[in-house]
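The data block below is input-v3.tsv; it holds TSV, C-alpha atoms and all ligand atoms.
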```
chain	number	residue	atom	x	y	z
R	1	MET	CA	11.47	-31.00	-31.70
R	2	THR	CA	15.25	-31.44	-32.09
R	3	ASP	CA	15.58	-28.31	-34.25
R	4	ASP	CA	13.44	-26.22	-31.88
R	5	PRO	CA	15.45	-22.97	-31.59
R	6	SER	CA	14.21	-22.36	-28.03
R	7	ARG	CA	16.50	-25.19	-26.86
R	8	HIS	CA	19.52	-23.03	-27.70
R	9	TRP	CA	18.29	-19.77	-26.18
R	10	LYS	CA	20.28	-18.26	-23.36
R	11	PRO	CA	18.34	-17.78	-20.09
R	12	GLN	CA	17.42	-14.12	-20.64
R	13	THR	CA	15.88	-14.96	-24.01
R	14	ALA	CA	14.10	-18.08	-22.79
R	15	LEU	CA	12.59	-16.11	-19.91
R	16	VAL	CA	10.98	-13.60	-22.28
R	17	HIS	CA	9.90	-15.93	-25.10
R	18	GLY	CA	10.08	-19.53	-23.86
R	19	GLY	CA	6.92	-21.61	-23.94
R	20	THR	CA	4.78	-18.91	-25.55
R	21	GLN	CA	1.81	-20.39	-27.47
R	22	ARG	CA	0.01	-17.61	-29.36
R	23	SER	CA	-3.70	-17.92	-30.02
R	24	ALA	CA	-5.22	-17.13	-33.43
R	25	PHE	CA	-5.38	-13.45	-32.37
R	26	GLY	CA	-1.58	-13.12	-32.29
R	27	GLU	CA	-1.49	-11.36	-28.92
R	28	THR	CA	1.92	-9.97	-27.82
R	29	SER	CA	1.60	-10.86	-24.14
R	30	GLU	CA	0.78	-14.42	-23.14
R	31	ALA	CA	-2.95	-15.18	-23.22
R	32	LEU	CA	-4.74	-15.81	-19.93
R	33	TYR	CA	-6.98	-18.87	-20.31
R	34	LEU	CA	-9.28	-18.56	-17.32
R	35	THR	CA	-11.24	-21.70	-18.00
R	36	GLN	CA	-11.96	-24.82	-15.99
R	37	GLY	CA	-12.66	-27.08	-18.95
R	38	PHE	CA	-12.49	-27.45	-22.71
R	39	VAL	CA	-15.08	-28.41	-25.34
R	40	TYR	CA	-14.72	-31.06	-28.04
R	41	ASP	CA	-15.85	-30.94	-31.66
R	42	SER	CA	-17.53	-34.34	-31.36
R	43	ALA	CA	-18.11	-37.24	-29.03
R	44	GLU	CA	-15.40	-39.10	-30.95
R	45	ALA	CA	-12.95	-36.24	-30.33
R	46	ALA	CA	-13.69	-36.35	-26.58
R	47	GLU	CA	-13.14	-40.10	-26.56
R	48	ALA	CA	-9.82	-39.78	-28.42
R	49	ARG	CA	-8.54	-37.11	-26.07
R	50	PHE	CA	-9.42	-39.13	-22.98
R	51	LYS	CA	-7.70	-42.17	-24.49
R	52	GLY	CA	-4.58	-40.04	-25.03
R	53	GLU	CA	-4.81	-40.67	-28.79
R	54	ALA	CA	-5.32	-36.98	-29.66
R	55	PRO	CA	-3.50	-33.97	-28.16
R	56	GLY	CA	-5.34	-31.24	-26.30
R	57	PHE	CA	-6.48	-30.08	-22.90
R	58	ILE	CA	-9.19	-31.86	-20.87
R	59	TYR	CA	-9.58	-30.13	-17.52
R	60	SER	CA	-7.56	-27.40	-15.79
R	61	ARG	CA	-6.82	-29.55	-12.74
R	62	TYR	CA	-4.68	-31.65	-15.15
R	63	ALA	CA	-3.31	-28.96	-17.42
R	64	ASN	CA	-4.18	-25.51	-18.77
R	65	PRO	CA	-2.61	-23.54	-21.67
R	66	THR	CA	-1.43	-20.58	-19.53
R	67	VAL	CA	-0.07	-22.92	-16.85
R	68	ALA	CA	1.61	-25.01	-19.58
R	69	MET	CA	3.41	-21.89	-20.87
R	70	PHE	CA	4.77	-21.26	-17.37
R	71	GLU	CA	5.87	-24.90	-17.02
R	72	GLN	CA	7.57	-24.86	-20.42
R	73	ARG	CA	9.42	-21.61	-19.69
R	74	MET	CA	10.63	-22.99	-16.35
R	75	CYS	CA	11.82	-26.21	-18.05
R	76	LEU	CA	13.93	-24.19	-20.49
R	77	LEU	CA	15.46	-22.18	-17.64
R	78	GLU	CA	16.16	-25.20	-15.46
R	79	GLY	CA	17.26	-27.57	-18.22
R	80	ALA	CA	14.52	-30.00	-17.12
R	81	GLU	CA	12.52	-32.31	-19.38
R	82	ASP	CA	9.18	-31.82	-17.67
R	83	ALA	CA	7.43	-29.98	-14.82
R	84	ARG	CA	4.16	-29.57	-12.94
R	85	ALA	CA	3.22	-26.13	-11.62
R	86	MET	CA	1.38	-25.98	-8.31
R	87	ALA	CA	-0.64	-23.60	-6.17
R	88	SER	CA	2.16	-22.84	-3.69
R	89	GLY	CA	5.72	-23.78	-2.87
R	90	MET	CA	4.47	-26.08	-0.11
R	91	ALA	CA	2.09	-27.87	-2.50
R	92	ALA	CA	5.13	-28.45	-4.75
R	93	VAL	CA	7.38	-29.69	-1.92
R	94	THR	CA	4.70	-31.99	-0.50
R	95	ALA	CA	3.91	-33.51	-3.89
R	96	ALA	CA	7.61	-33.89	-4.79
R	97	LEU	CA	8.25	-35.79	-1.54
R	98	LEU	CA	5.09	-37.86	-1.18
R	99	CYS	CA	4.46	-38.88	-4.78
R	100	SER	CA	7.23	-41.49	-4.84
R	101	LEU	CA	7.13	-42.66	-1.20
R	102	ARG	CA	5.12	-45.29	0.64
R	103	ALA	CA	4.90	-46.70	4.17
R	104	GLY	CA	8.19	-48.32	5.18
R	105	ASP	CA	10.37	-45.93	3.17
R	106	HIS	CA	13.02	-43.71	4.77
R	107	VAL	CA	14.02	-40.13	3.99
R	108	VAL	CA	17.22	-38.29	4.93
R	109	ALA	CA	16.87	-34.50	5.06
R	110	ALA	CA	19.00	-31.57	6.15
R	111	ARG	CA	17.69	-30.19	9.44
R	112	ALA	CA	17.97	-26.59	8.20
R	113	LEU	CA	14.70	-26.59	6.27
R	114	PHE	CA	12.02	-23.99	5.68
R	115	GLY	CA	9.63	-24.43	8.66
R	116	SER	CA	6.74	-26.03	6.76
R	117	CYS	CA	9.11	-28.35	4.88
R	118	ARG	CA	10.50	-29.53	8.21
R	119	TRP	CA	6.92	-30.16	9.45
R	120	VAL	CA	6.16	-32.30	6.38
R	121	VAL	CA	9.33	-34.39	6.91
R	122	GLU	CA	9.29	-34.56	10.72
R	123	THR	CA	5.57	-34.68	11.53
R	124	LEU	CA	3.40	-35.48	8.50
R	125	MET	CA	5.35	-38.28	6.83
R	126	PRO	CA	5.72	-40.44	9.98
R	127	ARG	CA	1.89	-40.45	10.32
R	128	TYR	CA	1.85	-42.45	7.08
R	129	GLY	CA	4.69	-44.78	8.05
R	130	ILE	CA	7.48	-42.90	6.25
R	131	GLU	CA	10.51	-42.59	8.52
R	132	SER	CA	12.92	-39.67	8.41
R	133	THR	CA	16.34	-38.70	9.76
R	134	LEU	CA	17.41	-35.06	10.01
R	135	VAL	CA	21.13	-34.34	9.67
R	136	ASP	CA	23.49	-31.37	9.75
R	137	GLY	CA	23.53	-30.93	5.98
R	138	THR	CA	26.94	-29.26	5.97
R	139	ASP	CA	28.59	-32.43	7.34
R	140	PRO	CA	29.02	-35.05	4.56
R	141	ALA	CA	29.66	-37.83	7.13
R	142	GLN	CA	26.22	-37.30	8.71
R	143	TRP	CA	24.49	-37.85	5.36
R	144	GLU	CA	26.44	-41.07	4.89
R	145	ARG	CA	25.76	-42.38	8.40
R	146	ALA	CA	22.02	-41.74	8.07
R	147	VAL	CA	21.54	-44.02	5.05
R	148	ARG	CA	19.49	-47.18	5.66
R	149	PRO	CA	18.57	-50.03	3.33
R	150	ASN	CA	15.09	-48.46	2.89
R	151	THR	CA	16.33	-44.89	2.19
R	152	ARG	CA	14.50	-43.73	-0.94
R	153	LEU	CA	14.85	-39.96	-0.86
R	154	PHE	CA	17.27	-37.22	0.16
R	155	PHE	CA	15.98	-33.68	0.63
R	156	LEU	CA	17.78	-30.38	1.16
R	157	GLU	CA	17.72	-26.66	0.51
R	158	SER	CA	20.87	-24.62	-0.11
R	159	PRO	CA	21.60	-21.89	0.84
R	160	THR	CA	19.54	-22.65	3.93
R	161	ASN	CA	16.94	-20.46	5.60
R	162	PRO	CA	17.80	-18.22	7.43
R	163	THR	CA	21.52	-18.71	8.12
R	164	LEU	CA	22.59	-19.28	4.50
R	165	GLU	CA	24.64	-22.43	5.09
R	166	ILE	CA	25.75	-24.15	1.87
R	167	ILE	CA	25.21	-27.88	1.36
R	168	ASP	CA	27.32	-29.81	-1.17
R	169	ILE	CA	24.61	-30.82	-3.67
R	170	ALA	CA	26.92	-32.90	-5.88
R	171	HIS	CA	28.07	-34.93	-2.86
R	172	VAL	CA	24.54	-35.73	-1.67
R	173	ALA	CA	23.50	-36.50	-5.27
R	174	ARG	CA	26.33	-39.06	-5.59
R	175	LEU	CA	25.31	-40.61	-2.27
R	176	ALA	CA	21.71	-40.87	-3.46
R	177	GLU	CA	22.83	-42.43	-6.73
R	178	ALA	CA	25.04	-44.99	-4.92
R	179	ASN	CA	22.08	-46.04	-2.75
R	180	GLY	CA	19.43	-46.23	-5.46
R	181	ALA	CA	17.69	-43.15	-4.00
R	182	ARG	CA	16.72	-39.72	-5.38
R	183	LEU	CA	17.77	-36.23	-4.32
R	184	VAL	CA	15.13	-33.47	-4.18
R	185	VAL	CA	16.50	-29.91	-3.91
R	186	ASP	CA	14.45	-26.91	-2.78
R	187	ASN	CA	16.25	-24.21	-4.81
R	188	VAL	CA	14.29	-21.16	-3.65
R	189	PHE	CA	17.11	-19.22	-2.01
R	190	ALA	CA	19.59	-19.66	-4.88
R	191	THR	CA	17.00	-18.97	-7.63
R	192	PRO	CA	17.15	-20.92	-10.92
R	193	LEU	CA	19.74	-18.43	-12.15
R	194	GLN	CA	22.43	-18.81	-9.48
R	195	GLN	CA	22.36	-22.59	-8.97
R	196	LYS	CA	21.55	-25.57	-11.23
R	197	PRO	CA	20.77	-28.59	-9.03
R	198	LEU	CA	20.02	-30.91	-11.98
R	199	ALA	CA	23.45	-30.19	-13.48
R	200	LEU	CA	24.98	-30.97	-10.05
R	201	GLY	CA	23.31	-34.40	-10.10
R	202	ALA	CA	20.02	-33.79	-8.24
R	203	HIS	CA	16.99	-35.65	-9.63
R	204	VAL	CA	14.16	-33.26	-8.74
R	205	VAL	CA	14.08	-29.47	-8.19
R	206	VAL	CA	11.28	-27.60	-6.44
R	207	TYR	CA	10.50	-23.90	-6.15
R	208	SER	CA	8.21	-21.65	-4.27
R	209	ALA	CA	7.45	-19.33	-7.22
R	210	THR	CA	5.99	-16.99	-4.59
R	211	LYS	CA	9.52	-15.71	-3.98
R	212	HIS	CA	11.91	-14.43	-6.70
R	213	ILE	CA	9.90	-15.85	-9.63
R	214	ASP	CA	6.93	-13.59	-8.91
R	215	GLY	CA	9.28	-11.22	-7.14
R	216	GLN	CA	6.68	-8.50	-6.76
R	217	GLY	CA	4.63	-9.80	-3.85
R	218	ARG	CA	1.47	-10.66	-5.82
R	219	CYS	CA	0.67	-14.35	-5.78
R	220	LEU	CA	1.58	-17.80	-4.49
R	221	GLY	CA	2.90	-20.51	-6.77
R	222	GLY	CA	5.22	-23.48	-6.94
R	223	ILE	CA	6.72	-25.93	-9.40
R	224	VAL	CA	8.37	-29.38	-9.49
R	225	LEU	CA	10.86	-30.11	-12.28
R	226	SER	CA	12.56	-33.40	-13.20
R	227	ASP	CA	13.11	-35.83	-16.05
R	228	LYS	CA	10.08	-37.04	-17.94
R	229	ALA	CA	10.42	-40.64	-16.74
R	230	TRP	CA	10.27	-39.64	-13.03
R	231	ILE	CA	7.31	-37.33	-13.59
R	232	ASP	CA	5.43	-39.96	-15.63
R	233	GLU	CA	6.08	-42.67	-13.07
R	234	HIS	CA	5.59	-40.77	-9.82
R	235	LEU	CA	4.17	-37.28	-10.10
R	236	HIS	CA	1.72	-37.44	-13.00
R	237	ASP	CA	-1.11	-39.40	-11.36
R	238	HIS	CA	-0.46	-37.99	-7.86
R	239	PHE	CA	-0.79	-34.46	-9.26
R	240	ARG	CA	-3.93	-35.13	-11.33
R	241	HIS	CA	-5.82	-36.85	-8.54
R	242	THR	CA	-4.82	-34.77	-5.49
R	243	GLY	CA	-5.38	-31.42	-7.22
R	244	PRO	CA	-2.68	-28.93	-6.11
R	245	SER	CA	-3.02	-27.16	-9.50
R	246	LEU	CA	-1.86	-23.59	-10.09
R	247	SER	CA	-4.54	-21.07	-11.06
R	248	PRO	CA	-4.14	-19.83	-14.66
R	249	PHE	CA	-4.25	-16.25	-13.38
R	250	ASN	CA	-1.30	-16.90	-11.07
R	251	ALA	CA	0.54	-18.72	-13.87
R	252	TRP	CA	0.10	-15.63	-16.04
R	253	THR	CA	1.45	-13.39	-13.25
R	254	LEU	CA	4.44	-15.72	-12.82
R	255	LEU	CA	5.13	-15.70	-16.59
R	256	LYS	CA	5.40	-11.92	-16.36
R	257	GLY	CA	7.67	-12.31	-13.34
R	258	LEU	CA	10.02	-14.62	-15.26
R	259	GLU	CA	10.55	-11.98	-17.97
R	260	THR	CA	12.33	-9.70	-15.49
R	261	LEU	CA	13.87	-12.34	-13.20
R	262	PRO	CA	17.49	-12.02	-14.42
R	263	VAL	CA	17.45	-8.22	-14.19
R	264	ARG	CA	15.99	-8.31	-10.69
R	265	VAL	CA	18.19	-11.08	-9.28
R	266	THR	CA	21.34	-9.46	-10.70
R	267	GLN	CA	20.58	-6.06	-9.18
R	268	GLN	CA	19.30	-7.45	-5.87
R	269	SER	CA	22.43	-9.61	-5.48
R	270	ALA	CA	24.75	-6.70	-6.28
R	271	SER	CA	22.99	-4.60	-3.64
R	272	ALA	CA	23.07	-7.49	-1.13
R	273	ALA	CA	26.85	-7.82	-1.64
R	274	ARG	CA	27.38	-4.11	-0.95
R	275	ILE	CA	25.13	-4.20	2.11
R	276	ALA	CA	26.89	-7.32	3.45
R	277	ASP	CA	30.28	-5.57	3.17
R	278	ARG	CA	28.98	-2.45	4.93
R	279	LEU	CA	27.33	-4.40	7.77
R	280	ALA	CA	30.40	-6.61	8.28
R	281	ASP	CA	32.41	-3.49	9.14
R	282	HIS	CA	29.79	-2.07	11.52
R	283	PRO	CA	30.54	-2.29	15.28
R	284	ALA	CA	26.86	-2.97	16.15
R	285	VAL	CA	26.83	-6.09	13.93
R	286	ALA	CA	28.34	-9.21	15.49
R	287	ARG	CA	28.21	-11.41	12.40
R	288	VAL	CA	27.25	-11.25	8.73
R	289	VAL	CA	26.63	-14.39	6.66
R	290	TYR	CA	26.63	-13.84	2.91
R	291	PRO	CA	27.49	-16.63	0.43
R	292	GLY	CA	29.28	-14.14	-1.85
R	293	ARG	CA	31.79	-13.06	0.84
R	294	ASP	CA	35.18	-14.68	1.35
R	295	ASP	CA	34.51	-14.98	5.11
R	296	HIS	CA	31.47	-17.24	4.57
R	297	PRO	CA	32.20	-20.54	6.40
R	298	GLN	CA	31.86	-22.44	3.10
R	299	ALA	CA	33.05	-19.75	0.70
R	300	ALA	CA	34.89	-22.21	-1.57
R	301	LEU	CA	31.85	-24.49	-1.91
R	302	ALA	CA	29.59	-21.48	-2.50
R	303	LYS	CA	31.85	-20.33	-5.37
R	304	ARG	CA	31.92	-23.81	-6.89
R	305	GLN	CA	28.20	-24.46	-6.63
R	306	MET	CA	26.63	-21.03	-7.14
R	307	SER	CA	27.12	-18.43	-9.86
R	308	GLY	CA	26.03	-15.51	-7.65
R	309	GLY	CA	26.15	-14.38	-4.07
R	310	SER	CA	22.39	-14.46	-3.27
R	311	THR	CA	19.82	-11.71	-2.78
R	312	LEU	CA	19.62	-12.59	0.93
R	313	LEU	CA	21.91	-12.08	3.87
R	314	CYS	CA	21.85	-12.99	7.52
R	315	LEU	CA	23.16	-10.79	10.33
R	316	ASP	CA	23.50	-10.92	14.10
R	317	ILE	CA	22.93	-7.70	15.99
R	318	ALA	CA	25.12	-7.34	19.07
R	319	GLY	CA	22.77	-6.95	22.04
R	320	GLY	CA	20.33	-9.80	21.33
R	321	LYS	CA	16.56	-9.59	20.92
R	322	ALA	CA	16.08	-6.09	22.39
R	323	ALA	CA	18.67	-4.61	20.05
R	324	ALA	CA	17.37	-6.60	17.06
R	325	PHE	CA	13.81	-5.35	17.72
R	326	ALA	CA	14.98	-1.73	18.23
R	327	PHE	CA	16.91	-1.98	14.94
R	328	GLN	CA	13.90	-3.34	13.00
R	329	ASN	CA	11.57	-0.74	14.52
R	330	ALA	CA	13.95	2.08	13.54
R	331	LEU	CA	13.96	1.09	9.84
R	332	ARG	CA	11.95	3.50	7.66
R	333	LEU	CA	12.38	1.99	4.20
R	334	ILE	CA	13.02	-1.71	4.81
R	335	ALA	CA	9.75	-3.39	5.87
R	336	ILE	CA	9.32	-6.02	8.56
R	337	SER	CA	7.93	-9.04	6.70
R	338	ASN	CA	8.65	-12.76	6.47
R	339	ASN	CA	8.47	-12.98	2.65
R	340	LEU	CA	11.63	-12.92	0.52
R	341	GLY	CA	12.83	-12.35	-3.02
R	342	ASP	CA	10.55	-9.33	-3.34
R	343	ALA	CA	11.18	-6.01	-5.12
R	344	LYS	CA	10.74	-4.44	-1.68
R	345	SER	CA	13.50	-5.02	0.89
R	346	LEU	CA	12.15	-7.12	3.77
R	347	ILE	CA	13.60	-8.02	7.15
R	348	THR	CA	12.54	-10.72	9.58
R	349	HIS	CA	13.54	-11.93	13.07
R	350	PRO	CA	13.47	-15.74	12.65
R	351	ALA	CA	13.50	-16.66	16.37
R	352	THR	CA	10.13	-14.95	16.95
R	353	THR	CA	8.52	-15.51	13.52
R	354	THR	CA	9.48	-18.13	10.90
R	355	HIS	CA	11.37	-20.36	13.39
R	356	LYS	CA	9.36	-19.71	16.57
R	357	ASN	CA	8.04	-23.32	16.66
R	358	LEU	CA	11.52	-24.80	17.10
R	359	SER	CA	12.97	-25.43	20.56
R	360	ASP	CA	15.79	-23.16	21.76
R	361	ALA	CA	18.18	-26.09	21.27
R	362	ALA	CA	17.01	-26.70	17.67
R	363	ARG	CA	17.37	-23.00	16.91
R	364	ALA	CA	20.86	-22.93	18.40
R	365	GLU	CA	21.82	-25.93	16.19
R	366	LEU	CA	20.80	-23.88	13.16
R	367	GLY	CA	22.77	-20.83	14.32
R	368	ILE	CA	19.63	-18.76	14.98
R	369	GLY	CA	20.21	-16.58	18.01
R	370	PRO	CA	18.13	-13.85	19.69
R	371	GLY	CA	19.94	-11.20	17.64
R	372	THR	CA	19.72	-13.00	14.27
R	373	LEU	CA	17.92	-11.24	11.40
R	374	ARG	CA	17.36	-12.25	7.77
R	375	LEU	CA	17.40	-9.47	5.18
R	376	SER	CA	15.94	-9.95	1.70
R	377	VAL	CA	17.37	-7.17	-0.46
R	378	GLY	CA	14.98	-5.54	-2.93
R	379	LEU	CA	15.22	-3.29	-5.94
R	380	GLU	CA	15.47	0.08	-4.17
R	381	ASP	CA	18.55	2.25	-4.76
R	382	VAL	CA	21.27	0.67	-2.65
R	383	ASP	CA	22.36	4.03	-1.22
R	384	ASP	CA	18.88	4.58	0.22
R	385	LEU	CA	19.00	1.09	1.75
R	386	LEU	CA	22.45	1.76	3.28
R	387	THR	CA	21.20	5.06	4.73
R	388	ASP	CA	18.20	3.29	6.28
R	389	LEU	CA	20.39	0.52	7.75
R	390	ASP	CA	23.01	2.95	9.11
R	391	ARG	CA	20.37	5.08	10.81
R	392	ALA	CA	18.61	2.07	12.34
R	393	LEU	CA	21.90	0.57	13.55
R	394	ALA	CA	22.70	3.86	15.29
R	395	ALA	CA	19.28	3.67	17.00
R	396	ALA	CA	19.90	0.07	18.13
H	1	LIG	C1	8.61	-19.91	0.95
H	1	LIG	C2	9.34	-21.18	0.86
H	1	LIG	C3	8.64	-22.39	0.72
H	1	LIG	C4	7.13	-22.45	0.68
H	1	LIG	O1	6.58	-21.72	-0.37
H	1	LIG	P1	5.08	-21.14	-0.36
H	1	LIG	O2	4.95	-20.59	-1.73
H	1	LIG	O3	5.03	-20.11	0.73
H	1	LIG	O4	4.17	-22.28	-0.07
H	1	LIG	C5	9.38	-23.56	0.65
H	1	LIG	N1	10.72	-23.55	0.72
H	1	LIG	C6	11.43	-22.40	0.86
H	1	LIG	C7	12.91	-22.46	0.93
H	1	LIG	C8	10.76	-21.18	0.93
H	1	LIG	O5	11.46	-20.05	1.08
```
Go ahead and render the structure in this file as structure tokens.
Amino acid sequence: MTDDPSRHWKPQTALVHGGTQRSAFGETSEALYLTQGFVYDSAEAAEARFKGEAPGFIYSRYANPTVAMFEQRMCLLEGAEDARAMASGMAAVTAALLCSLRAGDHVVAARALFGSCRWVVETLMPRYGIESTLVDGTDPAQWERAVRPNTRLFFLESPTNPTLEIIDIAHVARLAEANGARLVVDNVFATPLQQKPLALGAHVVVYSATKHIDGQGRCLGGIVLSDKAWIDEHLHDHFRHTGPSLSPFNAWTLLKGLETLPVRVTQQSASAARIADRLADHPAVARVVYPGRDDHPQAALAKRQMSGGSTLLCLDIAGGKAAAFAFQNALRLIAISNNLGDAKSLITHPATTTHKNLSDAARAELGIGPGTLRLSVGLEDVDDLLTDLDRALAAA
């Protein structure tokens, strides 16, 4: 394996060719193995495979050739030793958190989490005796103060949803290391191209592949990546026996998504940067948050930690909810939708959709006001997007 040329491929090459296992037919595009199980040449062969003495697939809840190609391609991109693909981002997050924890353990997480992730940490885990503390992830002292003798896991996403705060991954990773704990990073917003949590010291990376990795609004998916020892010890059995497996069809769709990921993320980020600059100068916009701009509250950290400015931006419309709704309703090209990372530009009003379950106080802590909107910039011509935004801002 040490002379495997794929290990030296640059990301754009790995994303087109990585992990491909051609069948005897020599197909160009990756084969779609829509099969639940596999047959054995003999009873002895079945026995050997179950004993782990012979290679090969057993059952698609454990592993499947199309899913394995997706996992392998993601490992090359992330620089991870091993991975397990899952049916959704939330299946991946839940497995990544629960597989190594037990009653009596303690988790420290940033409070600015994707809504369902916050529910898993705040509501689900305590039912099973796992305690958690939520902190302002941008304040290093809060992470340090939250550590207890039984802290086993740290969990964060950066940039955060929807206000695009940046958390210092290397700092939290060092803190985890010093306390014999692990850091899990949800890297959805940054994409695997613009931020490398494992290189910054994180132990586990999770994705909702539903977002930029598919990038064309077709299917759900997720993945957990780490070193082989952690996956063997914690995730392997949990994954096989709880069954959050990714469908081979969705794995095939995601493989196709990976081929174009760099082209899409590069163009979407360039358009997001231009839109952020235009909105920042607009009198109807009270605030723009974009990690690629020098006026981002953590611009220096964003530059150090990320290699791009993000495909997402956050804005506050002057005039609160009524103005934010009038603005969204006046858009003709940009669609109102809570998904992100899509080829189509999508806008959402977090206070009434993705973050409606939080109290007013919790929303205020996260910087989500009545006029806050999250814009996921798509692949349309940026001039058409600017025209749509200008017209809608005039209407608001
Ligand atoms: C969407 C998302 C998830 C959940 O992913 P699903 O594929 O919808 O289950 C988790 N974390 C972040 C940051 C997300 O944006």
Within 10 Å of segment 298-313 of chain R: each segment 328-347 of chain R residue with its shortest pair, all atoms listed in the file, as JSON lines:
```
{"residue": "R:Leu340", "atom": "CA", "partner": "R:Leu312", "partner_atom": "CA", "distance": 8.0}
{"residue": "R:Gly341", "atom": "CA", "partner": "R:Thr311", "partner_atom": "CA", "distance": 7.0}
{"residue": "R:Asp342", "atom": "CA", "partner": "R:Thr311", "partner_atom": "CA", "distance": 9.6}
{"residue": "R:Ser345", "atom": "CA", "partner": "R:Leu312", "partner_atom": "CA", "distance": 9.7}
{"residue": "R:Leu346", "atom": "CA", "partner": "R:Leu312", "partner_atom": "CA", "distance": 9.7}
{"residue": "R:Ile347", "atom": "CA", "partner": "R:Leu312", "partner_atom": "CA", "distance": 9.8}
```
Take the residues just selected and output them with C-alpha atoms as a JSON list (two decimals), in the coordinates of the input.
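Printed below is again03.json as written:
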```
[["chain", "number", "residue", "atom", "x", "y", "z"],
["R", 340, "LEU", "CA", 11.63, -12.92, 0.52],
["R", 341, "GLY", "CA", 12.83, -12.35, -3.02],
["R", 342, "ASP", "CA", 10.55, -9.33, -3.34],
["R", 345, "SER", "CA", 13.50, -5.02, 0.89],
["R", 346, "LEU", "CA", 12.15, -7.12, 3.77],
["R", 347, "ILE", "CA", 13.60, -8.02, 7.15]]
```
Closest atom pairs, segment 159-275 of chain R residues within 7 Å of segment 363-378 of chain R, only C-alpha atoms, as CSV:
```
residue,atom,partner,partner_atom,distance
R:Pro162,CA,R:Arg374,CA,6.0
R:Thr163,CA,R:Gly367,CA,6.7
R:Gln268,CA,R:Gly378,CA,5.6
R:Ser271,CA,R:Val377,CA,6.9
R:Ala272,CA,R:Val377,CA,5.7
```
Counting all atoms listed in the file, which protein, DNA or RNA residues come within 10 Å of ligand LIG 1 (chain H), given as a short mmCIF file (atom, residue, chain, number, x, y, z; two decimals) with C-alpha atoms, in the frame of the given file?
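The resulting part-v2.cif:
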```
data_model
loop_
_atom_site.label_atom_id
_atom_site.label_comp_id
_atom_site.auth_asym_id
_atom_site.auth_seq_id
_atom_site.Cartn_x
_atom_site.Cartn_y
_atom_site.Cartn_z
CA MET R 86 1.38 -25.98 -8.31
CA ALA R 87 -0.64 -23.60 -6.17
CA SER R 88 2.16 -22.84 -3.69
CA GLY R 89 5.72 -23.78 -2.87
CA MET R 90 4.47 -26.08 -0.11
CA ALA R 91 2.09 -27.87 -2.50
CA ALA R 92 5.13 -28.45 -4.75
CA VAL R 93 7.38 -29.69 -1.92
CA THR R 94 4.70 -31.99 -0.50
CA ALA R 112 17.97 -26.59 8.20
CA LEU R 113 14.70 -26.59 6.27
CA PHE R 114 12.02 -23.99 5.68
CA GLY R 115 9.63 -24.43 8.66
CA SER R 116 6.74 -26.03 6.76
CA CYS R 117 9.11 -28.35 4.88
CA ARG R 118 10.50 -29.53 8.21
CA LEU R 156 17.78 -30.38 1.16
CA GLU R 157 17.72 -26.66 0.51
CA SER R 158 20.87 -24.62 -0.11
CA PRO R 159 21.60 -21.89 0.84
CA THR R 160 19.54 -22.65 3.93
CA ASN R 161 16.94 -20.46 5.60
CA PRO R 162 17.80 -18.22 7.43
CA VAL R 185 16.50 -29.91 -3.91
CA ASP R 186 14.45 -26.91 -2.78
CA ASN R 187 16.25 -24.21 -4.81
CA VAL R 188 14.29 -21.16 -3.65
CA PHE R 189 17.11 -19.22 -2.01
CA ALA R 190 19.59 -19.66 -4.88
CA VAL R 206 11.28 -27.60 -6.44
CA TYR R 207 10.50 -23.90 -6.15
CA SER R 208 8.21 -21.65 -4.27
CA ALA R 209 7.45 -19.33 -7.22
CA THR R 210 5.99 -16.99 -4.59
CA LYS R 211 9.52 -15.71 -3.98
CA HIS R 212 11.91 -14.43 -6.70
CA CYS R 219 0.67 -14.35 -5.78
CA LEU R 220 1.58 -17.80 -4.49
CA GLY R 221 2.90 -20.51 -6.77
CA GLY R 222 5.22 -23.48 -6.94
CA ILE R 223 6.72 -25.93 -9.40
CA ASN R 338 8.65 -12.76 6.47
CA ASN R 339 8.47 -12.98 2.65
CA LEU R 340 11.63 -12.92 0.52
CA GLY R 341 12.83 -12.35 -3.02
#
```
Using atom CA of Ile213 of chain R and atom CA of His238 of chain R as the two end points, give the distance in Å to one decimal.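 That distance, rounded to one decimal, is 24.5 Å.
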If you count only C-alpha atoms, which residues fall within 7 Å of segment 15-20 of chain R, apart from same-chain ones fewer than 2 positions away, as a ChimeraX atom specification? /R:6,11-13,22,30,69-70,72-73,76,258-259
Go ahead and save the picked residues with C-alpha atoms, as an mmCIF file, keeping the file's coordinate frame.
```cif
data_model
loop_
_atom_site.group_PDB
_atom_site.id
_atom_site.type_symbol
_atom_site.label_atom_id
_atom_site.label_comp_id
_atom_site.auth_asym_id
_atom_site.auth_seq_id
_atom_site.Cartn_x
_atom_site.Cartn_y
_atom_site.Cartn_z
ATOM 1 C CA SER R 6 14.210 -22.360 -28.030
ATOM 2 C CA PRO R 11 18.340 -17.780 -20.090
ATOM 3 C CA GLN R 12 17.420 -14.120 -20.640
ATOM 4 C CA THR R 13 15.880 -14.960 -24.010
ATOM 5 C CA ARG R 22 0.010 -17.610 -29.360
ATOM 6 C CA GLU R 30 0.780 -14.420 -23.140
ATOM 7 C CA MET R 69 3.410 -21.890 -20.870
ATOM 8 C CA PHE R 70 4.770 -21.260 -17.370
ATOM 9 C CA GLN R 72 7.570 -24.860 -20.420
ATOM 10 C CA ARG R 73 9.420 -21.610 -19.690
ATOM 11 C CA LEU R 76 13.930 -24.190 -20.490
ATOM 12 C CA LEU R 258 10.020 -14.620 -15.260
ATOM 13 C CA GLU R 259 10.550 -11.980 -17.970
#
```
